[in-house]
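Text of my_file18.tsv (TSV, C-alpha atoms) as supplied:
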chain	number	residue	atom	x	y	z
A	79	MET	CA	171.16	142.95	197.52
A	80	ASN	CA	169.02	142.16	200.58
A	81	ALA	CA	168.54	138.82	202.32
A	82	SER	CA	164.91	138.49	201.29
A	83	SER	CA	165.67	138.78	197.57
A	84	PHE	CA	168.56	136.32	197.47
A	85	ASN	CA	167.71	133.37	195.22
A	86	ALA	CA	164.10	134.46	194.80
A	87	LYS	CA	162.59	132.53	191.89
A	88	ILE	CA	161.25	134.70	189.05
A	89	LEU	CA	159.51	133.53	185.87
A	90	ILE	CA	159.75	135.81	182.83
A	91	VAL	CA	157.10	135.07	180.18
A	92	ASP	CA	157.44	136.68	176.75
A	93	ASP	CA	157.20	135.36	173.19
A	94	ILE	CA	160.09	137.61	172.09
A	95	PRO	CA	163.44	136.18	173.28
A	96	LYS	CA	165.13	139.61	173.15
A	97	ASN	CA	162.72	140.97	175.78
A	98	ILE	CA	163.46	138.01	178.06
A	99	GLN	CA	167.19	138.56	177.62
A	100	VAL	CA	167.00	142.27	178.44
A	101	ALA	CA	164.87	141.72	181.57
A	102	ALA	CA	167.03	138.80	182.75
A	103	ASN	CA	170.25	140.79	182.38
A	104	ILE	CA	168.80	143.60	184.51
A	105	LEU	CA	167.48	141.27	187.22
A	106	LYS	CA	170.69	139.24	187.47
A	107	GLN	CA	172.20	142.23	189.30
A	108	GLU	CA	170.19	141.07	192.34
A	109	ASN	CA	171.15	137.38	192.00
A	110	TYR	CA	167.57	136.32	191.34
A	111	ASN	CA	166.97	132.79	190.12
A	112	ILE	CA	165.56	133.41	186.62
A	113	THR	CA	163.41	131.00	184.59
A	114	PHE	CA	161.78	131.90	181.28
A	115	ALA	CA	158.91	130.75	179.09
A	116	LYS	CA	158.11	131.77	175.50
A	117	SER	CA	154.37	131.07	175.60
A	118	GLY	CA	151.45	130.99	177.98
A	119	VAL	CA	151.16	127.20	177.77
A	120	GLN	CA	154.86	126.76	178.54
A	121	ALA	CA	154.54	129.21	181.44
A	122	LEU	CA	151.68	127.25	183.04
A	123	GLU	CA	153.67	124.02	182.76
A	124	LYS	CA	156.61	125.59	184.59
A	125	ILE	CA	154.36	127.18	187.23
A	126	GLU	CA	152.96	123.73	188.09
A	127	LYS	CA	156.46	122.42	188.81
A	128	ILE	CA	158.21	125.39	190.46
A	129	ASP	CA	157.10	127.56	193.38
A	130	PHE	CA	157.88	130.97	191.90
A	131	ASP	CA	158.10	134.12	194.01
A	132	LEU	CA	157.14	136.42	191.13
A	133	ILE	CA	155.91	136.21	187.53
A	134	LEU	CA	156.76	138.86	184.93
A	135	LEU	CA	154.08	138.27	182.29
A	136	ASP	CA	153.82	139.70	178.78
A	137	VAL	CA	150.31	140.70	177.78
A	138	MET	CA	150.38	140.26	173.99
A	139	MET	CA	151.25	136.66	173.12
A	140	PRO	CA	149.84	134.30	170.45
A	141	GLU	CA	147.48	131.42	171.34
A	142	MET	CA	147.13	132.40	175.00
A	143	ASP	CA	147.60	136.01	176.12
A	144	GLY	CA	148.91	137.14	179.48
A	145	PHE	CA	145.45	137.89	180.84
A	146	GLU	CA	144.35	134.27	180.38
A	147	VAL	CA	147.57	132.96	181.92
A	148	CYS	CA	147.01	135.19	184.94
A	149	ARG	CA	143.39	134.05	185.28
A	150	ARG	CA	144.49	130.41	185.40
A	151	VAL	CA	147.25	131.13	187.89
A	152	LYS	CA	144.82	132.91	190.21
A	153	ALA	CA	142.17	130.19	189.81
A	154	ASN	CA	144.59	127.54	191.10
A	155	GLU	CA	144.65	127.26	194.89
A	156	ALA	CA	148.32	126.23	194.84
A	157	THR	CA	149.50	129.20	192.72
A	158	LYS	CA	147.05	132.02	193.39
A	159	GLY	CA	149.42	133.67	195.88
A	160	ILE	CA	152.19	134.23	193.31
A	161	PRO	CA	152.33	137.94	192.43
A	162	VAL	CA	152.04	138.79	188.72
A	163	ILE	CA	153.52	141.91	187.10
A	164	PHE	CA	152.36	142.53	183.54
A	165	LEU	CA	154.87	143.49	180.85
A	166	THR	CA	153.24	145.58	178.14
A	167	ALA	CA	154.05	148.01	175.39
A	168	LYS	CA	150.54	149.39	175.81
A	169	THR	CA	149.92	152.33	178.10
A	170	GLU	CA	146.18	152.58	177.53
A	171	SER	CA	144.23	152.65	180.78
A	172	GLU	CA	141.90	149.90	179.49
A	173	SER	CA	144.73	147.35	179.25
A	174	ILE	CA	146.12	148.33	182.64
A	175	VAL	CA	142.72	148.07	184.32
A	176	LYS	CA	142.09	144.65	182.74
A	177	GLY	CA	145.44	143.44	184.13
A	178	PHE	CA	144.39	144.42	187.65
A	179	GLU	CA	140.96	142.85	187.18
A	180	VAL	CA	142.41	139.41	186.36
A	181	GLY	CA	144.73	139.48	189.40
A	182	GLY	CA	147.86	141.38	188.42
A	183	ILE	CA	149.46	143.53	191.10
A	184	ASP	CA	151.54	145.87	188.93
A	185	TYR	CA	152.66	146.59	185.37
A	186	ILE	CA	155.89	147.62	183.65
A	187	THR	CA	156.04	149.13	180.19
A	188	LYS	CA	158.45	148.15	177.45
A	189	PRO	CA	161.13	149.09	176.57
A	190	PHE	CA	162.33	148.50	180.13
A	191	ASN	CA	163.73	151.16	182.39
A	192	GLY	CA	166.34	149.21	184.39
A	193	ILE	CA	166.02	151.23	187.59
A	194	GLU	CA	162.22	151.04	187.52
A	195	LEU	CA	162.21	147.29	186.79
A	196	LEU	CA	164.61	146.55	189.65
A	197	ALA	CA	162.71	148.74	192.10
A	198	ARG	CA	159.30	147.26	191.33
A	199	VAL	CA	160.56	143.67	191.37
A	200	ARG	CA	162.49	144.26	194.60
A	201	ASN	CA	159.41	145.68	196.32
A	202	HIS	CA	157.13	142.84	195.28
A	203	ILE	CA	159.69	140.17	196.18
A	204	SER	CA	159.94	141.77	199.63
A	205	LEU	CA	156.15	141.73	199.98
A	206	ARG	CA	156.03	138.10	198.82
A	207	THR	CA	158.70	137.15	201.38
A	208	THR	CA	156.71	138.85	204.13
A	209	GLN	CA	153.55	137.08	202.95
A	210	LYS	CA	155.27	133.68	203.08
A	211	GLU	CA	156.60	134.39	206.57
A	212	LEU	CA	153.11	135.32	207.75
A	213	GLU	CA	151.66	132.17	206.18
A	214	LYS	CA	154.31	130.06	207.90
A	215	ALA	CA	153.68	131.82	211.22
A	216	ASN	CA	149.94	131.21	210.89
A	217	ALA	CA	150.52	127.55	210.03
A	218	THR	CA	152.80	127.23	213.07
A	219	LYS	CA	150.19	128.87	215.28
A	220	ASP	CA	147.39	126.66	213.93
A	221	ARG	CA	149.40	123.49	214.50
A	222	MET	CA	150.35	124.57	218.02
A	223	PHE	CA	146.70	125.19	218.87
A	224	SER	CA	145.76	121.83	217.35
A	225	ILE	CA	148.35	120.00	219.44
A	226	ILE	CA	147.42	121.90	222.59
A	227	GLY	CA	143.73	121.25	221.97
A	228	HIS	CA	144.04	117.54	221.20
A	229	ASP	CA	147.36	115.93	222.14
A	230	LEU	CA	147.86	117.84	225.40
A	231	ARG	CA	144.27	118.02	226.52
A	232	GLY	CA	143.89	114.24	226.66
A	233	PRO	CA	146.82	113.35	228.96
A	234	ILE	CA	146.27	116.42	231.14
A	235	GLY	CA	142.66	115.33	231.52
A	236	ASN	CA	143.87	111.87	232.54
A	237	ILE	CA	146.16	113.33	235.19
A	238	LYS	CA	143.30	115.42	236.55
A	239	SER	CA	140.97	112.42	236.69
A	240	ILE	CA	143.53	110.16	238.36
A	241	PHE	CA	144.41	112.59	241.12
A	242	SER	CA	140.77	113.54	241.66
A	243	LEU	CA	140.01	109.84	242.09
A	244	LEU	CA	142.89	109.37	244.54
A	245	THR	CA	141.98	112.48	246.52
A	246	ASP	CA	138.28	111.74	246.78
A	247	ASN	CA	138.60	108.01	247.45
A	248	GLN	CA	141.98	107.56	249.11
A	249	LYS	CA	140.55	105.44	251.92
A	250	SER	CA	138.90	103.04	249.46
A	251	PHE	CA	142.15	101.84	247.86
A	252	ASP	CA	144.61	99.33	249.22
A	253	PRO	CA	148.32	100.25	248.91
A	254	LYS	CA	148.76	98.24	245.70
A	255	GLN	CA	145.82	99.95	243.96
A	256	PHE	CA	146.98	103.32	245.20
A	257	GLN	CA	150.45	102.72	243.77
A	258	THR	CA	148.99	101.61	240.43
A	259	PHE	CA	147.06	104.86	240.06
A	260	LEU	CA	150.12	106.89	241.10
A	261	SER	CA	152.15	105.12	238.41
A	262	LEU	CA	149.49	105.90	235.80
A	263	GLY	CA	149.50	109.53	236.87
A	264	ARG	CA	153.28	109.69	236.67
A	265	GLU	CA	153.30	108.13	233.19
A	266	SER	CA	150.70	110.63	231.95
A	267	ALA	CA	152.66	113.51	233.48
A	268	GLU	CA	155.94	112.36	231.88
A	269	SER	CA	154.23	111.86	228.51
A	270	THR	CA	152.67	115.30	228.70
A	271	PHE	CA	155.96	116.92	229.69
A	272	ALA	CA	157.80	115.22	226.81
A	273	LEU	CA	155.15	116.40	224.36
A	274	LEU	CA	155.35	119.92	225.74
A	275	GLU	CA	159.13	119.92	225.35
A	276	ASN	CA	158.78	118.73	221.76
A	277	LEU	CA	156.20	121.42	221.10
A	278	LEU	CA	158.41	124.19	222.48
A	279	ASN	CA	161.48	122.93	220.60
A	280	TRP	CA	159.47	122.68	217.39
A	281	ALA	CA	158.11	126.22	217.83
A	282	ARG	CA	161.65	127.53	218.34
A	283	THR	CA	162.87	125.84	215.15
A	284	GLN	CA	159.98	127.44	213.24
A	285	ARG	CA	161.15	130.86	214.41
A	286	ASN	CA	164.86	130.02	214.01
A	287	GLN	CA	165.32	130.69	217.72
A	288	ILE	CA	166.88	127.41	218.80
A	289	ASN	CA	170.56	127.54	219.76
A	290	PHE	CA	173.14	124.94	218.77
A	291	ASN	CA	175.70	124.56	221.59
A	292	PRO	CA	178.05	121.62	220.90
A	293	LYS	CA	180.42	120.38	223.60
A	294	LYS	CA	181.95	117.10	224.80
A	295	VAL	CA	179.07	114.78	225.66
A	296	ASP	CA	179.10	111.41	227.41
A	297	ILE	CA	176.52	109.81	225.17
A	298	TYR	CA	176.42	106.61	227.22
A	299	ARG	CA	175.35	108.62	230.28
A	300	LEU	CA	172.71	110.46	228.25
A	301	THR	CA	171.36	107.15	227.02
A	302	LEU	CA	171.03	105.83	230.58
A	303	GLU	CA	169.24	109.02	231.55
A	304	MET	CA	166.74	108.73	228.69
A	305	ILE	CA	166.16	105.01	229.32
A	306	SER	CA	165.33	105.83	232.93
A	307	LEU	CA	162.94	108.53	231.76
A	308	VAL	CA	160.90	106.13	229.60
A	309	SER	CA	161.29	103.02	231.78
A	310	LEU	CA	157.82	103.26	233.35
A	311	GLN	CA	156.23	103.67	229.91
A	312	ALA	CA	158.11	100.57	228.72
A	313	SER	CA	157.32	98.51	231.83
A	314	ASN	CA	153.59	99.15	231.42
A	315	LYS	CA	153.82	97.23	228.13
A	316	ASP	CA	156.33	94.72	229.56
A	317	ILE	CA	158.92	95.88	227.01
A	318	GLU	CA	162.59	95.15	227.67
A	319	LEU	CA	165.00	98.06	227.10
A	320	ILE	CA	168.53	96.99	226.20
A	321	ASN	CA	171.46	99.45	226.23
A	322	GLU	CA	174.30	98.54	223.88
A	323	VAL	CA	175.88	101.98	223.59
A	324	GLU	CA	179.67	101.93	224.00
A	325	PRO	CA	180.47	102.71	227.66
A	326	HIS	CA	181.99	106.18	228.14
A	327	ALA	CA	181.53	107.03	224.46
A	328	ILE	CA	182.26	110.73	223.96
A	329	VAL	CA	181.00	112.88	221.08
A	330	PHE	CA	181.12	116.62	220.42
A	331	ALA	CA	177.45	117.51	220.25
A	332	ASP	CA	174.59	119.54	221.71
A	333	ASP	CA	173.54	117.44	224.70
A	334	GLU	CA	169.95	118.77	224.84
A	335	MET	CA	169.41	117.96	221.16
A	336	ILE	CA	170.90	114.49	221.55
A	337	LYS	CA	168.67	113.83	224.57
A	338	THR	CA	165.65	114.95	222.57
A	339	ILE	CA	166.63	112.64	219.69
A	340	ILE	CA	167.17	109.60	221.94
A	341	ARG	CA	164.01	110.22	223.99
A	342	ASN	CA	161.86	110.55	220.89
A	343	LEU	CA	163.32	107.44	219.25
A	344	LEU	CA	162.75	105.42	222.42
A	345	THR	CA	159.19	106.64	223.01
A	346	ASN	CA	158.40	106.06	219.33
A	347	ALA	CA	159.74	102.50	219.55
A	348	ILE	CA	157.69	101.84	222.72
A	349	LYS	CA	154.61	103.21	220.99
A	350	PHE	CA	154.89	100.76	218.08
A	351	THR	CA	156.10	97.69	219.98
A	352	ASN	CA	153.64	95.12	221.29
A	353	ASP	CA	153.54	93.97	224.91
A	354	GLY	CA	156.49	91.72	225.76
A	355	GLY	CA	158.71	93.07	222.97
A	356	LYS	CA	162.30	94.31	223.02
A	357	ILE	CA	163.96	97.61	222.18
A	358	THR	CA	167.71	97.85	221.76
A	359	ILE	CA	169.64	101.11	221.57
A	360	SER	CA	173.19	100.90	220.27
A	361	GLY	CA	175.99	103.38	219.70
A	362	THR	CA	179.40	102.79	218.18
A	363	SER	CA	182.34	104.85	216.98
A	364	GLU	CA	183.16	104.39	213.31
A	365	GLY	CA	186.25	106.38	212.42
A	366	ASP	CA	185.38	110.07	212.61
A	367	TYR	CA	181.67	109.33	213.07
A	368	PHE	CA	179.39	108.03	215.79
A	369	GLN	CA	176.36	105.95	214.85
A	370	MET	CA	173.33	105.34	217.03
A	371	ALA	CA	170.37	103.09	216.31
A	372	VAL	CA	167.14	102.15	218.05
A	373	ARG	CA	165.84	98.71	217.04
A	374	ASP	CA	162.45	97.39	218.06
A	375	THR	CA	160.54	94.15	217.61
A	376	GLY	CA	157.35	96.04	216.89
A	377	MET	CA	154.69	96.13	214.22
A	378	GLY	CA	157.00	97.42	211.49
A	379	MET	CA	156.00	99.45	208.45
A	380	SER	CA	155.48	99.11	204.72
A	381	GLU	CA	158.01	100.60	202.31
A	382	GLU	CA	155.45	103.28	201.36
A	383	THR	CA	155.17	104.36	205.00
A	384	VAL	CA	158.96	104.44	205.38
A	385	VAL	CA	159.20	106.72	202.34
A	386	GLN	CA	156.61	109.04	203.87
A	387	LEU	CA	158.55	109.16	207.14
A	388	ARG	CA	161.80	109.95	205.36
A	389	GLU	CA	160.37	112.67	203.16
A	390	ASN	CA	157.53	114.27	205.16
A	391	ASP	CA	157.30	116.09	208.47
A	392	GLY	CA	154.47	115.60	210.90
A	393	TYR	CA	153.56	112.06	209.81
A	394	THR	CA	151.99	110.05	212.65
A	395	THR	CA	149.79	107.01	213.30
A	396	SER	CA	148.39	105.32	216.40
A	397	GLY	CA	150.54	102.91	218.39
A	398	THR	CA	149.90	99.26	219.32
A	399	ALA	CA	147.90	100.32	222.40
A	400	GLY	CA	146.15	103.18	220.62
A	401	GLU	CA	148.77	105.74	221.65
A	402	LYS	CA	148.43	109.03	219.82
A	403	GLY	CA	151.26	111.14	218.43
A	404	SER	CA	151.83	114.64	217.11
A	405	GLY	CA	154.58	113.92	214.56
A	406	LEU	CA	156.85	116.46	216.25
A	407	GLY	CA	159.30	113.82	217.48
A	408	LEU	CA	160.12	112.69	213.96
A	409	TYR	CA	160.51	116.29	212.80
A	410	LEU	CA	162.91	117.12	215.67
A	411	PHE	CA	164.86	113.90	215.07
A	412	LYS	CA	165.54	114.83	211.46
A	413	LYS	CA	166.07	118.54	212.21
A	414	PHE	CA	168.54	118.02	215.06
A	415	VAL	CA	170.53	115.37	213.18
A	416	LYS	CA	170.83	117.81	210.28
A	417	MET	CA	172.01	120.58	212.64
A	418	HIS	CA	174.83	118.22	213.66
A	419	SER	CA	175.79	117.80	209.98
A	420	GLY	CA	174.69	114.18	210.29
A	421	GLU	CA	172.50	111.74	208.40
A	422	PHE	CA	169.55	109.58	209.41
A	423	ASP	CA	168.07	106.36	208.13
A	424	ILE	CA	164.84	104.41	208.65
A	425	GLN	CA	164.46	100.70	207.93
A	426	SER	CA	161.46	98.51	208.64
A	427	ILE	CA	159.83	95.18	207.89
A	428	PRO	CA	156.11	94.69	208.55
A	429	GLU	CA	155.42	92.53	211.64
A	430	GLN	CA	159.18	92.29	212.41
A	431	GLY	CA	160.19	95.73	213.60
A	432	SER	CA	161.94	98.96	212.70
A	433	ILE	CA	165.37	100.56	212.97
A	434	PHE	CA	165.78	104.31	213.32
A	435	SER	CA	169.43	105.30	213.10
A	436	PHE	CA	171.58	108.39	212.75
A	437	THR	CA	175.24	109.18	212.21
A	438	ILE	CA	176.93	112.37	213.38
A	439	PRO	CA	180.56	113.51	213.19
A	440	GLN	CA	182.56	112.49	216.26
A	441	HIS	CA	184.22	115.90	216.24
A	442	LEU	CA	182.66	119.04	214.73
Spit out the file's structure as structure tokens when you get a sec.
Amino acid sequence: MNASSFNAKILIVDDIPKNIQVAANILKQENYNITFAKSGVQALEKIEKIDFDLILLDVMMPEMDGFEVCRRVKANEATKGIPVIFLTAKTESESIVKGFEVGGIDYITKPFNGIELLARVRNHISLRTTQKELEKANATKDRMFSIIGHDLRGPIGNIKSIFSLLTDNQKSFDPKQFQTFLSLGRESAESTFALLENLLNWARTQRNQINFNPKKVDIYRLTLEMISLVSLQASNKDIELINEVEPHAIVFADDEMIKTIIRNLLTNAIKFTNDGGKITISGTSEGDYFQMAVRDTGMGMSEETVVQLRENDGYTTSGTAGEKGSGLGLYLFKKFVKMHSGEFDIQSIPEQGSIFSFTIPQHL
């Protein structure tokens, strides 16, 4: 058994139960996840609900034959990429050619030859795995280019404009004006750097290249460090940052991941809190676990939005001052908490504020 075939989902479609049983018994040698259907209609219903890696499809079935099932699978944008191998007792070239014409990629004749069935299925599962990896890589590349082209271009353009203005007109500004523009430039630079860090971390997780290095971490110190990092961003909206993390609290965790989590939760809270609001970050030991929470007095969210945040990656909306986001911070928050064998929660009330919290084991 190879890694790519483990738990691959295969649908066997045949109106004769004995044929399904024989094929399933052969394929179980590779630990495939087998589902079966006894008709074309039943097969289409299952295909709508499950993302199969391969379909073994009988040609001769009553009501709806295999050719029609294959046509419908290939006509559906969501399922057209699933490879279809036809199962047939016919060996006539006309039937084989028709199978290829409607979108099949291979055929196997009945009665089954076990070695041949395993070899053909193994090869097509491997190809399907490679195809999915390429699709994921392309999606990752497209999203990276989108973020670079939109989310990074804006703040970098701001930095360029600010420093061009200061350089070309430095004698025209009084010290207070000069300092204001410097502060704006610093905020844009810090925002851009944070986004770039998120982008690089996200790209590493997509390629499974991020390392998990837990050690003893002074989480109170990390919190102070992250509060300092976002303090200018908060002060520009006159937002008060309150640290209620237990002093000298120690957890066994990856410090870079924890810093990323805290920074993203704080910047997210600042983004959705109106001028003059408050953000409180707390952290307490509870038995063998450590719980952290970031509470804000911001705009809050509907229950529907909270559900989307919990279940989907990349969800983002504009902040109270029109701040843009990439959705990477939420993804990394959930991903890094999971890598610590922890759990996260999101609570919110419209116009009252939100609470983003997570719990991780005190000792791994």
Contact residues around Glu318 (chain A) with all atoms listed in the file at 8 Å, ignoring same-chain residues under 4 positions, as a PDB file with C-alpha atoms, in the coordinates of the input:
ATOM      1  CA  ALA A 312     158.110 100.570 228.720  1.00  0.00           C
ATOM      2  CA  SER A 313     157.320  98.510 231.830  1.00  0.00           C
ATOM      3  CA  GLY A 354     156.490  91.720 225.760  1.00  0.00           C
ATOM      4  CA  GLY A 355     158.710  93.070 222.970  1.00  0.00           C
ATOM      5  CA  LYS A 356     162.300  94.310 223.020  1.00  0.00           C
ATOM      6  CA  ILE A 357     163.960  97.610 222.180  1.00  0.00           C
TER       7      ILE A 357
END
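Across A:Arg264, A:Lys176, A:Lys152, A:Lys106, the tightest approach to Ala86 (chain A) is made by A:Lys106 when counting all atoms listed in the file.
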Atom pair CA of Met417 (chain A) / CA of Phe290 (chain A): separation (Å): 7.6 Å
Env of Phe241 (chain A): 12 Å cut, atoms = only C-alpha atoms, seq-sep filter 5 positions within chain, self excluded. Answer as a ChimeraX atom specification. /A:234-236,246-248,256-264,266-267
Selection near Asp143 (chain A), 9 Å with only C-alpha atoms, sequence-local residues under 6 positions removed, as a ChimeraX atom specification: /A:117-118,136-137
Go ahead and write the selection's residues with C-alpha atoms as a tab-separated table (two decimals), keeping the file's coordinate frame.
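See selection-v7.tsv below for the written result:
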chain	number	residue	atom	x	y	z
A	117	SER	CA	154.37	131.07	175.60
A	118	GLY	CA	151.45	130.99	177.98
A	136	ASP	CA	153.82	139.70	178.78
A	137	VAL	CA	150.31	140.70	177.78
